[in-house]
>>> print(open('upload_26.cif').read())   # mmCIF, C-alpha atoms and all ligand atoms
data_upload
#
loop_
_atom_site.label_atom_id
_atom_site.label_comp_id
_atom_site.auth_asym_id
_atom_site.auth_seq_id
_atom_site.Cartn_x
_atom_site.Cartn_y
_atom_site.Cartn_z
CA MET A 15 45.27 53.37 -103.73
CA ARG A 16 46.29 52.24 -107.19
CA ILE A 17 47.83 48.79 -106.91
CA GLY A 18 49.82 46.88 -109.52
CA VAL A 19 49.47 43.10 -109.72
CA LEU A 20 51.96 40.76 -111.41
CA THR A 21 52.59 37.02 -111.73
CA GLY A 22 56.21 35.87 -112.17
CA GLY A 23 58.16 32.64 -112.70
CA GLY A 24 56.69 29.33 -113.86
CA ASP A 25 52.90 29.59 -114.06
CA CYS A 26 50.65 27.33 -112.03
CA PRO A 27 46.93 26.64 -111.62
CA GLY A 28 45.39 29.08 -109.14
CA LEU A 29 47.13 32.30 -110.23
CA ASN A 30 43.91 33.65 -111.73
CA ALA A 31 42.00 32.81 -108.55
CA VAL A 32 44.39 35.05 -106.57
CA ILE A 33 44.09 37.90 -109.07
CA ARG A 34 40.29 37.64 -108.95
CA ALA A 35 40.15 37.67 -105.13
CA VAL A 36 42.53 40.63 -104.87
CA VAL A 37 40.57 42.71 -107.38
CA ARG A 38 37.09 41.71 -106.21
CA LYS A 39 37.75 42.54 -102.56
CA GLY A 40 40.01 45.49 -103.36
CA VAL A 41 37.33 47.20 -105.43
CA ALA A 42 34.22 46.17 -103.50
CA SER A 43 35.45 46.55 -99.92
CA TYR A 44 38.11 49.25 -100.21
CA GLY A 45 37.55 51.13 -103.46
CA HIS A 46 41.11 50.59 -104.70
CA GLU A 47 42.10 50.64 -108.38
CA PHE A 48 44.26 48.04 -110.07
CA VAL A 49 46.76 47.80 -112.91
CA GLY A 50 47.80 44.43 -114.31
CA PHE A 51 51.51 44.27 -115.11
CA LYS A 52 52.29 41.85 -117.92
CA ASP A 53 54.79 38.99 -117.87
CA GLY A 54 56.20 39.11 -114.35
CA TRP A 55 58.87 41.70 -113.53
CA LYS A 56 59.14 42.49 -117.25
CA GLY A 57 55.85 44.43 -116.90
CA PRO A 58 56.94 47.10 -114.41
CA LEU A 59 60.44 47.07 -115.91
CA GLU A 60 59.19 47.99 -119.37
CA GLY A 61 55.94 49.70 -118.37
CA LEU A 62 53.79 46.96 -119.93
CA SER A 63 50.38 46.98 -118.32
CA ARG A 64 46.73 46.29 -118.94
CA PRO A 65 43.48 47.30 -117.26
CA LEU A 66 42.47 45.15 -114.32
CA GLY A 67 38.99 45.69 -112.93
CA ILE A 68 35.97 43.60 -111.98
CA ALA A 69 35.09 43.02 -115.65
CA GLU A 70 38.55 41.65 -116.43
CA VAL A 71 38.46 39.10 -113.60
CA ARG A 72 34.99 37.71 -114.28
CA GLY A 73 35.02 34.01 -115.16
CA ILE A 74 38.72 33.42 -114.46
CA LEU A 75 38.45 31.41 -111.21
CA PRO A 76 38.68 27.97 -112.87
CA ARG A 77 41.14 28.99 -115.56
CA GLY A 78 44.72 27.70 -115.43
CA GLY A 79 47.72 29.84 -116.36
CA THR A 80 47.62 33.57 -115.72
CA ILE A 81 45.69 36.28 -117.53
CA LEU A 82 48.64 38.59 -116.86
CA GLY A 83 51.29 36.38 -118.48
CA SER A 84 54.54 35.43 -116.79
CA SER A 85 58.29 35.40 -117.34
CA ARG A 86 61.50 34.67 -115.48
CA THR A 87 62.79 38.27 -115.83
CA ASN A 88 65.21 39.33 -113.10
CA PRO A 89 65.36 43.16 -112.85
CA PHE A 90 68.51 42.91 -110.75
CA LYS A 91 70.31 41.44 -113.77
CA ILE A 92 69.29 44.37 -115.97
CA GLU A 93 71.06 47.72 -116.04
CA ASN A 94 69.16 50.30 -113.97
CA GLY A 95 66.43 47.68 -113.50
CA VAL A 96 65.26 48.94 -110.10
CA GLN A 97 65.34 52.57 -111.20
CA ARG A 98 63.28 51.73 -114.28
CA ILE A 99 60.69 49.90 -112.16
CA LYS A 100 60.39 52.85 -109.79
CA GLU A 101 60.00 55.28 -112.69
CA ASN A 102 57.35 53.15 -114.42
CA LEU A 103 55.37 52.74 -111.20
CA ALA A 104 55.43 56.50 -110.69
CA ALA A 105 54.50 57.16 -114.33
CA GLN A 106 51.43 54.92 -114.02
CA GLY A 107 50.50 56.34 -110.62
CA VAL A 108 50.98 52.96 -108.93
CA ASP A 109 51.41 53.15 -105.14
CA ALA A 110 52.10 49.48 -104.41
CA LEU A 111 52.60 46.05 -105.93
CA ILE A 112 51.14 42.64 -105.20
CA ALA A 113 53.65 40.14 -106.58
CA ILE A 114 52.47 36.55 -106.98
CA GLY A 115 55.37 34.18 -107.43
CA GLY A 116 57.83 31.62 -106.16
CA GLU A 117 61.34 31.79 -104.76
CA ASP A 118 62.70 34.01 -107.55
CA THR A 119 59.80 36.46 -107.93
CA LEU A 120 59.50 36.86 -104.17
CA GLY A 121 63.30 37.19 -103.87
CA VAL A 122 63.05 40.23 -106.17
CA ALA A 123 60.05 41.50 -104.16
CA THR A 124 62.07 41.23 -100.94
CA LYS A 125 64.94 43.29 -102.35
CA LEU A 126 62.60 45.88 -103.87
CA HIS A 127 60.88 46.28 -100.53
CA GLU A 128 64.28 46.94 -98.93
CA LEU A 129 64.81 49.59 -101.62
CA GLY A 130 61.60 51.41 -100.74
CA VAL A 131 58.96 49.84 -103.02
CA ASN A 132 55.64 48.99 -101.33
CA VAL A 133 55.23 45.25 -101.95
CA ILE A 134 53.10 42.35 -100.73
CA GLY A 135 54.02 38.81 -101.82
CA VAL A 136 51.75 35.85 -102.55
CA PRO A 137 53.43 32.42 -102.71
CA LYS A 138 52.82 30.13 -105.68
CA THR A 139 54.61 27.14 -107.11
CA ILE A 140 53.76 23.59 -108.03
CA ASP A 141 57.04 22.63 -106.32
CA ASN A 142 55.73 23.48 -102.79
CA ASP A 143 59.28 24.44 -101.83
CA LEU A 144 58.73 27.87 -100.27
CA GLY A 145 59.50 28.35 -96.59
CA ALA A 146 57.07 29.92 -94.10
CA THR A 147 53.98 28.45 -95.76
CA ASP A 148 52.72 24.90 -95.32
CA TYR A 149 51.42 24.72 -98.88
CA THR A 150 51.61 26.71 -102.07
CA PHE A 151 48.68 26.63 -104.49
CA GLY A 152 49.38 24.76 -107.70
CA PHE A 153 50.97 21.89 -105.80
CA ASP A 154 47.73 20.03 -105.14
CA THR A 155 46.73 20.28 -108.81
CA ALA A 156 50.14 19.06 -109.99
CA VAL A 157 50.00 16.13 -107.56
CA ASN A 158 46.54 15.13 -108.73
CA ILE A 159 47.58 15.26 -112.38
CA ALA A 160 50.65 13.11 -111.64
CA MET A 161 48.58 10.69 -109.54
CA GLU A 162 46.08 10.22 -112.33
CA ALA A 163 48.93 9.56 -114.76
CA ILE A 164 50.39 6.96 -112.39
CA ASP A 165 46.99 5.27 -112.01
CA ARG A 166 46.77 4.96 -115.80
CA LEU A 167 50.34 3.75 -116.14
CA HIS A 168 49.75 0.87 -113.70
CA THR A 169 47.33 -0.86 -116.06
CA THR A 170 49.44 -0.55 -119.19
CA ALA A 171 52.67 -1.48 -117.37
CA GLU A 172 50.97 -4.63 -116.11
CA SER A 173 49.64 -5.59 -119.53
CA HIS A 174 53.13 -5.45 -121.00
CA HIS A 175 55.15 -6.66 -117.99
CA ARG A 176 57.40 -3.64 -118.20
CA THR A 177 58.81 -1.08 -115.82
CA LEU A 178 57.48 2.42 -116.28
CA VAL A 179 59.59 5.26 -114.95
CA VAL A 180 57.61 8.48 -114.38
CA GLU A 181 59.66 11.68 -114.20
CA VAL A 182 57.91 14.50 -112.36
CA MET A 183 58.78 18.16 -111.77
CA GLY A 184 59.67 19.82 -108.47
CA ARG A 185 63.12 21.21 -109.11
CA HIS A 186 65.32 20.56 -106.02
CA ALA A 187 62.43 19.49 -103.78
CA GLY A 188 60.76 16.09 -103.93
CA TRP A 189 57.27 17.09 -102.79
CA ILE A 190 55.47 16.30 -106.05
CA ALA A 191 57.26 12.96 -106.39
CA LEU A 192 56.56 12.02 -102.77
CA HIS A 193 52.86 12.90 -102.76
CA ALA A 194 52.06 11.66 -106.27
CA GLY A 195 54.05 8.47 -105.67
CA LEU A 196 52.33 7.77 -102.35
CA ALA A 197 48.88 8.57 -103.71
CA GLY A 198 49.48 6.52 -106.87
CA GLY A 199 50.99 3.50 -105.14
CA ALA A 200 54.40 3.73 -106.82
CA ASN A 201 56.80 0.86 -106.35
CA VAL A 202 59.73 3.19 -105.70
CA ILE A 203 59.95 6.97 -105.25
CA LEU A 204 63.23 8.83 -105.79
CA LEU A 205 63.77 12.35 -104.49
CA PRO A 206 66.46 15.02 -104.75
CA GLU A 207 66.73 15.01 -100.95
CA ARG A 208 68.48 11.61 -100.94
CA GLN A 209 70.80 10.18 -103.57
CA PHE A 210 69.69 6.77 -104.74
CA ASP A 211 71.54 3.53 -105.36
CA VAL A 212 70.53 2.26 -108.79
CA GLU A 213 71.31 -1.36 -107.74
CA GLN A 214 68.84 -1.07 -104.89
CA VAL A 215 66.19 0.39 -107.21
CA ALA A 216 66.75 -2.52 -109.62
CA GLY A 217 66.26 -4.88 -106.65
CA TYR A 218 62.90 -3.29 -105.80
CA VAL A 219 61.83 -3.56 -109.44
CA GLU A 220 62.73 -7.25 -109.62
CA LYS A 221 60.87 -7.97 -106.40
CA ARG A 222 57.77 -6.35 -107.81
CA PHE A 223 57.95 -8.53 -110.93
CA GLN A 224 58.25 -11.60 -108.67
CA HIS A 225 54.87 -10.62 -107.18
CA GLN A 226 53.46 -10.63 -110.73
CA TYR A 227 52.95 -6.88 -110.75
CA ALA A 228 54.70 -4.35 -112.97
CA PRO A 229 56.65 -1.63 -111.18
CA ILE A 230 56.05 2.10 -111.46
CA VAL A 231 59.11 4.12 -110.46
CA VAL A 232 58.47 7.79 -109.70
CA VAL A 233 61.57 9.92 -110.04
CA ALA A 234 61.79 13.63 -109.28
CA GLU A 235 63.54 15.61 -112.02
CA GLY A 236 66.17 16.72 -109.47
CA ALA A 237 66.92 13.22 -108.08
CA GLN A 238 70.50 12.04 -108.41
CA PRO A 239 72.20 8.64 -108.39
CA LEU A 240 74.77 7.92 -105.68
CA ASP A 241 77.97 8.49 -107.53
CA GLY A 242 76.65 10.42 -110.47
CA GLN A 243 76.49 13.92 -111.68
CA MET A 244 72.97 15.28 -112.04
CA VAL A 245 71.64 14.27 -115.45
CA LEU A 246 70.86 17.43 -117.38
CA HIS A 247 69.54 18.04 -120.85
CA ASN A 248 70.80 21.55 -120.88
CA GLN A 249 73.59 23.32 -119.04
CA GLU A 250 72.25 26.83 -119.68
CA LEU A 251 71.24 28.95 -116.69
CA ASP A 252 68.17 31.18 -116.54
CA ALA A 253 68.19 34.79 -115.24
CA PHE A 254 68.03 33.47 -111.68
CA GLY A 255 70.89 31.00 -112.16
CA HIS A 256 68.78 27.81 -112.38
CA VAL A 257 69.71 24.94 -114.67
CA ARG A 258 66.93 23.29 -116.67
CA LEU A 259 66.38 19.88 -115.09
CA GLY A 260 65.22 16.73 -116.85
CA GLY A 261 66.64 13.54 -118.26
CA ILE A 262 67.03 11.46 -115.12
CA GLY A 263 63.97 9.32 -116.04
CA GLN A 264 65.43 8.22 -119.36
CA TRP A 265 68.82 7.47 -117.80
CA LEU A 266 67.19 5.45 -115.03
CA ALA A 267 64.99 3.42 -117.40
CA GLU A 268 68.07 2.44 -119.43
CA GLN A 269 69.88 1.36 -116.26
CA LEU A 270 66.90 -0.63 -114.98
CA GLU A 271 66.39 -2.40 -118.29
CA ALA A 272 70.07 -3.38 -118.42
CA LYS A 273 70.12 -4.58 -114.82
CA THR A 274 66.79 -6.44 -114.70
CA GLY A 275 66.50 -7.68 -118.28
CA LYS A 276 62.90 -6.40 -118.35
CA GLU A 277 61.84 -3.68 -120.72
CA ALA A 278 61.73 -0.26 -119.04
CA ARG A 279 60.21 2.88 -120.56
CA THR A 280 60.00 6.51 -119.44
CA VAL A 281 57.12 8.96 -119.21
CA VAL A 282 58.08 12.61 -118.61
CA LEU A 283 55.03 14.45 -117.32
CA GLY A 284 56.63 17.89 -117.77
CA HIS A 285 54.41 20.93 -118.18
CA ILE A 286 51.19 18.88 -118.10
CA GLN A 287 51.63 19.19 -114.32
CA ARG A 288 51.36 22.98 -114.58
CA GLY A 289 48.50 23.24 -117.02
CA GLY A 290 44.73 23.29 -116.82
CA THR A 291 42.17 23.99 -114.19
CA PRO A 292 43.06 24.12 -110.46
CA THR A 293 41.67 21.63 -107.95
CA ALA A 294 39.14 22.82 -105.38
CA PHE A 295 41.89 22.88 -102.73
CA ASP A 296 44.04 25.19 -104.87
CA ARG A 297 41.12 27.46 -105.78
CA VAL A 298 40.22 27.92 -102.13
CA LEU A 299 43.82 28.40 -101.01
CA ALA A 300 44.54 30.88 -103.82
CA THR A 301 41.34 32.81 -103.06
CA ARG A 302 42.10 33.01 -99.33
CA LEU A 303 45.68 34.17 -100.01
CA GLY A 304 44.38 36.83 -102.40
CA LEU A 305 41.91 38.12 -99.81
CA GLN A 306 44.64 38.36 -97.16
CA ALA A 307 47.02 40.04 -99.63
CA ILE A 308 44.61 42.86 -100.38
CA ASP A 309 43.91 43.30 -96.65
CA ALA A 310 47.67 43.59 -96.04
CA ALA A 311 48.01 46.13 -98.86
CA HIS A 312 45.02 48.13 -97.59
CA GLU A 313 46.63 48.30 -94.15
CA GLY A 314 50.04 49.25 -95.64
CA ASP A 315 51.67 46.18 -94.08
CA TRP A 316 54.45 46.19 -96.71
CA GLY A 317 57.22 43.62 -97.01
CA LYS A 318 54.94 40.77 -96.00
CA MET A 319 54.07 37.51 -97.68
CA VAL A 320 50.72 35.90 -97.05
CA ALA A 321 51.04 32.27 -96.06
CA MET A 322 49.13 29.16 -95.04
CA GLN A 323 50.06 27.88 -91.61
CA SER A 324 47.97 24.99 -90.43
CA THR A 325 44.53 26.06 -91.68
CA ASP A 326 45.09 29.78 -91.11
CA ILE A 327 46.15 32.43 -93.59
CA VAL A 328 48.79 34.59 -91.89
CA ARG A 329 51.38 37.23 -92.82
CA VAL A 330 55.12 36.62 -92.53
CA PRO A 331 58.13 38.76 -93.49
CA LEU A 332 58.88 38.27 -97.20
CA ALA A 333 62.50 37.52 -96.39
CA ASP A 334 61.47 34.46 -94.34
CA ALA A 335 59.82 32.82 -97.33
CA THR A 336 62.90 32.85 -99.51
CA ALA A 337 65.56 32.37 -96.81
CA GLU A 338 65.65 28.60 -97.21
CA LEU A 339 64.20 26.05 -99.61
CA LYS A 340 61.57 23.82 -97.98
CA THR A 341 62.62 20.30 -98.88
CA VAL A 342 61.16 16.92 -97.90
CA PRO A 343 62.27 15.84 -94.38
CA LEU A 344 63.80 12.37 -94.39
CA GLU A 345 61.15 11.16 -91.88
CA ARG A 346 58.52 11.86 -94.54
CA TYR A 347 60.54 9.87 -97.06
CA ALA A 348 60.80 6.99 -94.57
CA GLU A 349 56.97 6.76 -94.52
CA ALA A 350 56.99 6.11 -98.27
CA GLU A 351 59.89 3.63 -98.12
CA VAL A 352 57.71 1.11 -96.28
CA PHE A 353 56.02 0.39 -99.62
CA PHE A 354 59.10 0.12 -101.84
CA GLY A 355 59.55 -3.16 -103.73
CA SER A 356 56.46 -4.78 -102.25
O1 LIG A 401 59.18 25.84 -110.53
C1 LIG A 401 58.18 25.22 -111.27
C2 LIG A 401 58.78 24.35 -112.35
O2 LIG A 401 57.73 23.76 -113.07
C3 LIG A 401 59.77 23.31 -111.86
O3 LIG A 401 59.15 22.17 -111.31
C4 LIG A 401 60.54 23.04 -113.13
O4 LIG A 401 61.85 22.56 -112.87
C5 LIG A 401 60.60 24.38 -113.77
O5 LIG A 401 59.52 25.13 -113.25
C6 LIG A 401 60.51 24.36 -115.28
O6 LIG A 401 60.58 25.67 -115.72
P1 LIG A 401 60.35 26.10 -117.24
O7 LIG A 401 58.90 25.98 -117.53
O8 LIG A 401 60.81 27.52 -117.27
O9 LIG A 401 61.19 25.19 -118.06
#
>>> encode(input="upload_26.cif", output="structure tokens")
Amino acid sequence: MRIGVLTGGGDCPGLNAVIRAVVRKGVASYGHEFVGFKDGWKGPLEGLSRPLGIAEVRGILPRGGTILGSSRTNPFKIENGVQRIKENLAAQGVDALIAIGGEDTLGVATKLHELGVNVIGVPKTIDNDLGATDYTFGFDTAVNIAMEAIDRLHTTAESHHRTLVVEVMGRHAGWIALHAGLAGGANVILLPERQFDVEQVAGYVEKRFQHQYAPIVVVAEGAQPLDGQMVLHNQELDAFGHVRLGGIGQWLAEQLEAKTGKEARTVVLGHIQRGGTPTAFDRVLATRLGLQAIDAAHEGDWGKMVAMQSTDIVRVPLADATAELKTVPLERYAEAEVFFGS
């Protein structure tokens, strides 16, 4: 078989580890050939490809980003998009696709499968918000980066007796905020899953100052105050209809400073959380998912996504992964709340 590989949506550490595992096992165990499609769905849409063999995947295991490039292109928003993909696959002699992506990329993969394209999906996102898999690779790396930032912020916040608000990514799921906040010993953690009362947050902050410690407040970019509109920098939508989140940290710091009388500053971690080398956990997870993906393709088990359930790598219908966003259950949030304000 000749198999196309693409990476779509926001990049994350571990993408190259998947590509490497797919190609290494695909060539060595099954004798398949590969084509790398560039920049997500833009690649097959516009026929943009590059060679992808053993030589091209040497040395990429620890590298962040993706050697194939990525984009948020939605072929269903482009005239004759599906037809063009089918024609380009045929023109390059490609029998099947392995699509590595999140909600949006796999949503496209699901629809293409229904329209007769042979597809296998591999879940990735730092947000960890995909259904049917316990973890996505990229998440552990992002959490570790955010945790290290929080560790560093503790010492400077304490030296200056100020509140530091740390805004983390995660879109509409609070997984990064919850895990980084718990691991970093945040004073308060605010998630999109539950609107927060800014008065209560100010109370936690004051209590922390009374204990002679400076508070670190971790806020997810999608968190919202009780009676407020979501705070957005930008109202523009991307090709999948998502708004660009961000700005809640700054708003919150201003509120906390006004309410507590103590200086409050904001740190927006942003794309630092997506960059650089993957953790060991993410390298192993990405590698195992890649190995299962090429097995699924070899067996012609199309329309499946490979997933981590407990410690096993399994296959699930692609549609299951994108049916519902996996958000933080409130019981998990309650575990973190025990530490707020103390
Ligand atoms: O989905 C991953 C993610 O990093 C989100 O956490 C964030 O909201 C979004 O992508 C940012 O996307 P972009 O890099 O396109 O601005």
>>> residues_around(input="upload_26.cif", residues="segment 273-290 of chain A", least_positions_apart="6", cutoff="6 Å", atoms="only C-alpha atoms", output="PyMOL selection string")
chain A and resi 26+78+156+159+176-182+263-264+267
>>> residues_near_ligand(input="upload_26.cif", ligand="ligand LIG 401 (chain A)", cutoff="9 Å", atoms="only C-alpha atoms and all ligand atoms", output="PyMOL selection string")
chain A and resi 23-26+85-86+116-117+139-143+182-187+190+235-236+252+256-260+284-285+287-288
>>> closest_residue(input="upload_26.cif", among="A:Val330, A:Pro239, A:Thr301, A:Ala104", to="Trp265 of chain A", atoms="all atoms listed in the file")
A:Pro239
>>> closest_residue(input="upload_26.cif", among="A:Asp118, A:Arg64, A:Ala160, A:Thr155", to="Ala197 of chain A", atoms="all atoms listed in the file")
A:Ala160
>>> residues_around(input="upload_26.cif", residues="Leu82 of chain A", least_positions_apart="3", cutoff="10 Å", atoms="all atoms listed in the file", output="number ranges by chain")
A: 19-22, 29-30, 33, 50-54, 57, 63-64, 66, 79
>>> atom_distance(input="upload_26.cif", atom1="atom CA of Val202 of chain A", atom2="atom CA of Trp189 of chain A")
14.4 Å
>>> closest_residue(input="upload_26.cif", among="A:Val298, A:Leu204, A:Leu251, A:Ile99", to="Ala123 of chain A", atoms="all atoms listed in the file")
A:Ile99
>>> closest_residue(input="upload_26.cif", among="A:Gly217, A:Gly45, A:Pro137, A:Gly73", to="Leu299 of chain A", atoms="all atoms listed in the file")
A:Pro137
>>> residues_around(input="upload_26.cif", residues="Arg38 of chain A", least_positions_apart="3", cutoff="10 Å", atoms="all atoms listed in the file", output="list in words")
Val32, Ile33, Arg34, Ala35, Val41, Ala42, Ser43, Tyr44, Gly45, His46, Gly67, Ile68, Ala69, Val71, Arg72, Gly304, Leu305 and Ile308 of chain A
>>> residues_around(input="upload_26.cif", residues="Leu344 of chain A", least_positions_apart="5", cutoff="12 Å", atoms="all atoms listed in the file", output="list in words")
Ala187, Gly188, Trp189, Leu192, Leu204, Leu205, Pro206, Glu207, Arg208, Gln209, Glu349, Ala350 and Glu351 of chain A
>>> write_last_selection(input="upload_26.cif", atoms="C-alpha atoms", output="PDB file, keeping the file's coordinate frame")
ATOM      1  CA  ALA A 187      62.430  19.490-103.780  1.00  0.00           C
ATOM      2  CA  GLY A 188      60.760  16.090-103.930  1.00  0.00           C
ATOM      3  CA  TRP A 189      57.270  17.090-102.790  1.00  0.00           C
ATOM      4  CA  LEU A 192      56.560  12.020-102.770  1.00  0.00           C
ATOM      5  CA  LEU A 204      63.230   8.830-105.790  1.00  0.00           C
ATOM      6  CA  LEU A 205      63.770  12.350-104.490  1.00  0.00           C
ATOM      7  CA  PRO A 206      66.460  15.020-104.750  1.00  0.00           C
ATOM      8  CA  GLU A 207      66.730  15.010-100.950  1.00  0.00           C
ATOM      9  CA  ARG A 208      68.480  11.610-100.940  1.00  0.00           C
ATOM     10  CA  GLN A 209      70.800  10.180-103.570  1.00  0.00           C
ATOM     11  CA  GLU A 349      56.970   6.760 -94.520  1.00  0.00           C
ATOM     12  CA  ALA A 350      56.990   6.110 -98.270  1.00  0.00           C
ATOM     13  CA  GLU A 351      59.890   3.630 -98.120  1.00  0.00           C
TER      14      GLU A 351
END
>>> atom_distance(input="upload_26.cif", atom1="atom CA of Val219 of chain A", atom2="atom CA of Gly355 of chain A")
6.2 Å
>>> decode(input="upload_26.cif", residues="segment 189-251 of chain A", atoms="C-alpha atoms", output="mmCIF file, in the first residue's frame")
data_model
loop_
_atom_site.group_PDB
_atom_site.id
_atom_site.type_symbol
_atom_site.label_atom_id
_atom_site.label_comp_id
_atom_site.auth_asym_id
_atom_site.auth_seq_id
_atom_site.Cartn_x
_atom_site.Cartn_y
_atom_site.Cartn_z
ATOM 1 C CA TRP A 189 -7.400 19.698 31.914
ATOM 2 C CA ILE A 190 -4.149 21.651 31.579
ATOM 3 C CA ALA A 191 -5.204 24.132 34.261
ATOM 4 C CA LEU A 192 -6.321 21.368 36.628
ATOM 5 C CA HIS A 193 -3.227 19.187 36.297
ATOM 6 C CA ALA A 194 -0.666 22.006 36.164
ATOM 7 C CA GLY A 195 -2.387 23.794 39.047
ATOM 8 C CA LEU A 196 -2.496 20.665 41.205
ATOM 9 C CA ALA A 197 1.090 19.701 40.384
ATOM 10 C CA GLY A 198 2.334 23.257 40.939
ATOM 11 C CA GLY A 199 0.449 23.870 44.173
ATOM 12 C CA ALA A 200 -1.662 26.755 42.877
ATOM 13 C CA ASN A 201 -3.697 28.725 45.370
ATOM 14 C CA VAL A 202 -6.765 28.727 43.128
ATOM 15 C CA ILE A 203 -7.538 26.971 39.826
ATOM 16 C CA LEU A 204 -10.260 28.254 37.501
ATOM 17 C CA LEU A 205 -11.708 26.101 34.733
ATOM 18 C CA PRO A 206 -14.146 26.562 31.853
ATOM 19 C CA GLU A 207 -16.270 23.761 33.319
ATOM 20 C CA ARG A 208 -17.468 25.975 36.198
ATOM 21 C CA GLN A 209 -18.023 29.719 36.179
ATOM 22 C CA PHE A 210 -16.157 31.444 38.974
ATOM 23 C CA ASP A 211 -17.137 34.134 41.446
ATOM 24 C CA VAL A 212 -14.438 36.793 41.394
ATOM 25 C CA GLU A 213 -15.295 37.819 44.996
ATOM 26 C CA GLN A 214 -14.620 34.280 46.165
ATOM 27 C CA VAL A 215 -11.314 34.193 44.269
ATOM 28 C CA ALA A 216 -10.316 37.498 45.904
ATOM 29 C CA GLY A 217 -11.160 35.904 49.274
ATOM 30 C CA TYR A 218 -8.838 32.956 48.586
ATOM 31 C CA VAL A 219 -6.076 35.353 47.548
ATOM 32 C CA GLU A 220 -6.419 37.414 50.724
ATOM 33 C CA LYS A 221 -6.351 34.294 52.875
ATOM 34 C CA ARG A 222 -3.126 33.213 51.247
ATOM 35 C CA PHE A 223 -1.522 36.583 51.987
ATOM 36 C CA GLN A 224 -2.619 36.218 55.634
ATOM 37 C CA HIS A 225 -0.549 33.009 55.752
ATOM 38 C CA GLN A 226 2.445 35.068 54.555
ATOM 39 C CA TYR A 227 2.538 33.335 51.192
ATOM 40 C CA ALA A 228 1.898 34.894 47.794
ATOM 41 C CA PRO A 229 -0.929 33.380 45.768
ATOM 42 C CA ILE A 230 -0.614 31.807 42.330
ATOM 43 C CA VAL A 231 -3.938 31.729 40.494
ATOM 44 C CA VAL A 232 -4.110 29.357 37.524
ATOM 45 C CA VAL A 233 -6.818 30.289 35.059
ATOM 46 C CA ALA A 234 -7.734 28.328 31.942
ATOM 47 C CA GLU A 235 -8.061 30.508 28.850
ATOM 48 C CA GLY A 236 -11.697 29.386 28.502
ATOM 49 C CA ALA A 237 -12.708 30.082 32.141
ATOM 50 C CA GLN A 238 -15.517 32.573 32.632
ATOM 51 C CA PRO A 239 -16.677 34.758 35.515
ATOM 52 C CA LEU A 240 -20.172 34.211 36.904
ATOM 53 C CA ASP A 241 -22.058 36.985 35.254
ATOM 54 C CA GLY A 242 -19.637 37.836 32.514
ATOM 55 C CA GLN A 243 -19.223 37.291 28.870
ATOM 56 C CA MET A 244 -16.141 35.291 27.945
ATOM 57 C CA VAL A 245 -13.201 37.686 27.694
ATOM 58 C CA LEU A 246 -11.861 37.528 24.161
ATOM 59 C CA HIS A 247 -9.049 39.317 22.410
ATOM 60 C CA ASN A 248 -10.448 38.556 19.045
ATOM 61 C CA GLN A 249 -13.939 37.792 17.795
ATOM 62 C CA GLU A 250 -12.789 36.219 14.522
ATOM 63 C CA LEU A 251 -13.611 32.568 13.883
#
